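In what follows, a structure is listed as structure tokens, so that the remarks can point back to it.
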Amino acid sequence: EIRSRGRLELEGAAEWLASPVTKNKGPRDRSGRHWFETEFDDVDWEQIELPDDNSFGDEVKHARFYRSYFHLKDALESLSAVFSSDDGIWIYVNGRSLGHWGARENRGGCVNDPLERCGVNGTVQPVPIPQDILRPGRNVVAVKVNNGECCFTYFNLLLTRVSARVVSTSDR
């Protein structure tokens, strides 16, 4: 037996929710839970499709927060996040920080910007999600995108599942 890795994209059925554009550093729900916590109540957030491209005009220093849910059959599955943003991006999975890329708070600096509207554009390869963050059943991904320079935010994120499958030696 030979084991190989196959890929299955999760983004096809993903539904995303987005907060209103805000100057707030991070919304809380009526129970005081932060936007990145798994039990945060996002019922009032708008359902959107990605990529999300927002224009604020000449105003600066705004943020938008996003949440989505995905289900895993077991915690042994491996996932990676592939994303782009203008400007800084903070990603949480199940309430735990996956990381921050791009600009610091209220600064300019895009990540993987496909629109090439950004003066500073960093490249980030797919980021593996540690398996100790994932759990069987419902999982939550929460994202903050901060616009620090001018005029717009852009955000896109795909979760890619990588799983092992058996391939017979005759298939080689």
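By order in the structure tokens, chains are A, B, ...; within a chain, residues start at 1; ligands start at 1, following the order shown.
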Name the residues of stretch 87-164 of chain A that fall into strand (DSSP E or B) according to DSSP on the backbone, using the chain letters and numbers of this document, as JSON, numbers by chain. {"A": [88, 89, 90, 91, 92, 93, 96, 97, 98, 99, 100, 101, 110, 111, 121, 122, 127, 128, 129, 137, 138, 139, 140, 141, 142, 143, 144, 145, 146, 147, 152, 153, 154, 155, 156, 157, 158, 159, 160, 161, 162, 163, 164]}
If you take only C-alpha atoms and a cut-off of 10 Å, which residues of stretch 50-137 of chain A touch stretch 31-45 of chain A, and what are their nearest atom pairs and distances in Å to one decimal, in chain and number order, as CSV?
residue,atom,partner,partner_atom,distance
A:Phe65,CA,A:Trp35,CA,7.5
A:Tyr66,CA,A:Trp35,CA,8.5
A:Arg67,CA,A:Phe36,CA,8.0
A:Ser68,CA,A:Asp42,CA,9.9
A:Tyr69,CA,A:Thr38,CA,9.6
A:Trp90,CA,A:Phe36,CA,9.9
A:Ile91,CA,A:Phe36,CA,8.5
A:Tyr92,CA,A:Phe36,CA,6.2
A:Val93,CA,A:Phe36,CA,7.9
A:Asn94,CA,A:Thr38,CA,5.4
A:Gly95,CA,A:Glu37,CA,4.4
A:Arg96,CA,A:Phe36,CA,7.9
A:Ser97,CA,A:Phe36,CA,8.7
For a test of reading the model, state the distance in Å between atom CA of A:Phe155 and atom CA of A:Arg30, rounded to one decimal. 26.4 Å
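Comparing the minimum interatomic distances between A:Asp87 and each of A:His100, A:His62, A:Val145, A:Glu116, counting only C-alpha atoms, we find that A:Val145 sits nearest.
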Contact residues around A:Leu157 with only C-alpha atoms at 7 Å, ignoring same-chain residues under 5 positions, as number ranges by chain: A: 81-84
Please, could you write that set of residues out with all heavy atoms as a short mmCIF file (atom, residue, chain, number, x, y, z; two decimals), in the first residue's frame?
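Result file follows (result-v3.cif):
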data_model
loop_
_atom_site.label_atom_id
_atom_site.label_comp_id
_atom_site.auth_asym_id
_atom_site.auth_seq_id
_atom_site.Cartn_x
_atom_site.Cartn_y
_atom_site.Cartn_z
N ALA A 81 -5.18 27.25 5.72
CA ALA A 81 -5.90 28.47 5.35
C ALA A 81 -5.12 29.19 4.27
O ALA A 81 -3.90 29.38 4.38
CB ALA A 81 -6.06 29.37 6.57
N VAL A 82 -5.81 29.57 3.21
CA VAL A 82 -5.25 30.36 2.12
C VAL A 82 -6.06 31.65 2.11
O VAL A 82 -7.29 31.61 2.04
CB VAL A 82 -5.41 29.62 0.76
CG1 VAL A 82 -4.85 30.46 -0.37
CG2 VAL A 82 -4.76 28.25 0.82
N PHE A 83 -5.39 32.80 2.18
CA PHE A 83 -6.14 34.05 2.35
C PHE A 83 -5.46 35.22 1.67
O PHE A 83 -4.29 35.18 1.33
CB PHE A 83 -6.34 34.35 3.84
CG PHE A 83 -5.07 34.31 4.63
CD1 PHE A 83 -4.26 35.42 4.77
CD2 PHE A 83 -4.67 33.13 5.25
CE1 PHE A 83 -3.08 35.37 5.48
CE2 PHE A 83 -3.49 33.06 5.98
CZ PHE A 83 -2.70 34.19 6.10
N SER A 84 -6.25 36.29 1.50
CA SER A 84 -5.73 37.57 1.03
C SER A 84 -6.47 38.66 1.77
O SER A 84 -7.63 38.49 2.16
CB SER A 84 -5.90 37.71 -0.48
OG SER A 84 -7.24 37.56 -0.85
#
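Look at A:Glu46: the protein and nucleic acid residues within 7 Å of it, using only C-alpha atoms and passing over chain neighbours fewer than 2 places away, are Leu17, Ala18, Ser19, Asp44 and Ile48 of chain A.
The interatomic distance for the pair atom CA of A:Asn156 and atom CA of A:Leu50 works out to 5.6 Å.
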Could you pull the residues within 9 Å of stretch 108-115 of chain A, counting only C-alpha atoms, minus those fewer than 4 positions along the same chain, as an MDAnalysis selection string? chainID A and resid 83:89 101:104 119:125 146:150 154:155
Create the file for the chosen residues now, containing C-alpha atoms and written as an mmCIF file, in the first residue's frame.
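To be explicit, this is the file written out as out34.cif:
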data_model
loop_
_atom_site.group_PDB
_atom_site.id
_atom_site.type_symbol
_atom_site.label_atom_id
_atom_site.label_comp_id
_atom_site.auth_asym_id
_atom_site.auth_seq_id
_atom_site.Cartn_x
_atom_site.Cartn_y
_atom_site.Cartn_z
ATOM 1 C CA PHE A 83 -6.141 34.047 2.350
ATOM 2 C CA SER A 84 -5.727 37.566 1.030
ATOM 3 C CA SER A 85 -6.418 40.885 2.689
ATOM 4 C CA ASP A 86 -6.037 44.620 2.658
ATOM 5 C CA ASP A 87 -4.547 45.524 5.114
ATOM 6 C CA GLY A 88 -3.801 43.536 8.315
ATOM 7 C CA ILE A 89 -5.546 40.225 8.937
ATOM 8 C CA TRP A 101 -0.278 38.861 8.860
ATOM 9 C CA GLY A 102 0.118 42.074 6.937
ATOM 10 C CA ALA A 103 -0.006 45.477 8.580
ATOM 11 C CA ARG A 104 -0.191 46.248 12.261
ATOM 12 C CA GLY A 119 1.724 49.741 -2.040
ATOM 13 C CA VAL A 120 3.088 47.071 0.335
ATOM 14 C CA ASN A 121 1.985 43.535 -0.510
ATOM 15 C CA GLY A 122 3.364 40.559 1.404
ATOM 16 C CA THR A 123 3.131 36.953 0.249
ATOM 17 C CA VAL A 124 1.972 34.276 2.681
ATOM 18 C CA GLN A 125 1.915 30.598 1.745
ATOM 19 C CA ASN A 146 -8.195 46.165 9.461
ATOM 20 C CA ASN A 147 -7.925 49.005 6.961
ATOM 21 C CA GLY A 148 -5.258 51.435 8.069
ATOM 22 C CA GLU A 149 -4.383 53.564 5.079
ATOM 23 C CA CYS A 150 -7.272 54.509 2.853
ATOM 24 C CA TYR A 154 -10.525 43.298 0.685
ATOM 25 C CA PHE A 155 -10.803 39.847 2.212
#
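Between A:Thr160 and the residues A:Ala63, A:Leu72, A:Val21, A:Leu79, the shortest atom-to-atom distance, using only C-alpha atoms, involves A:Leu79.
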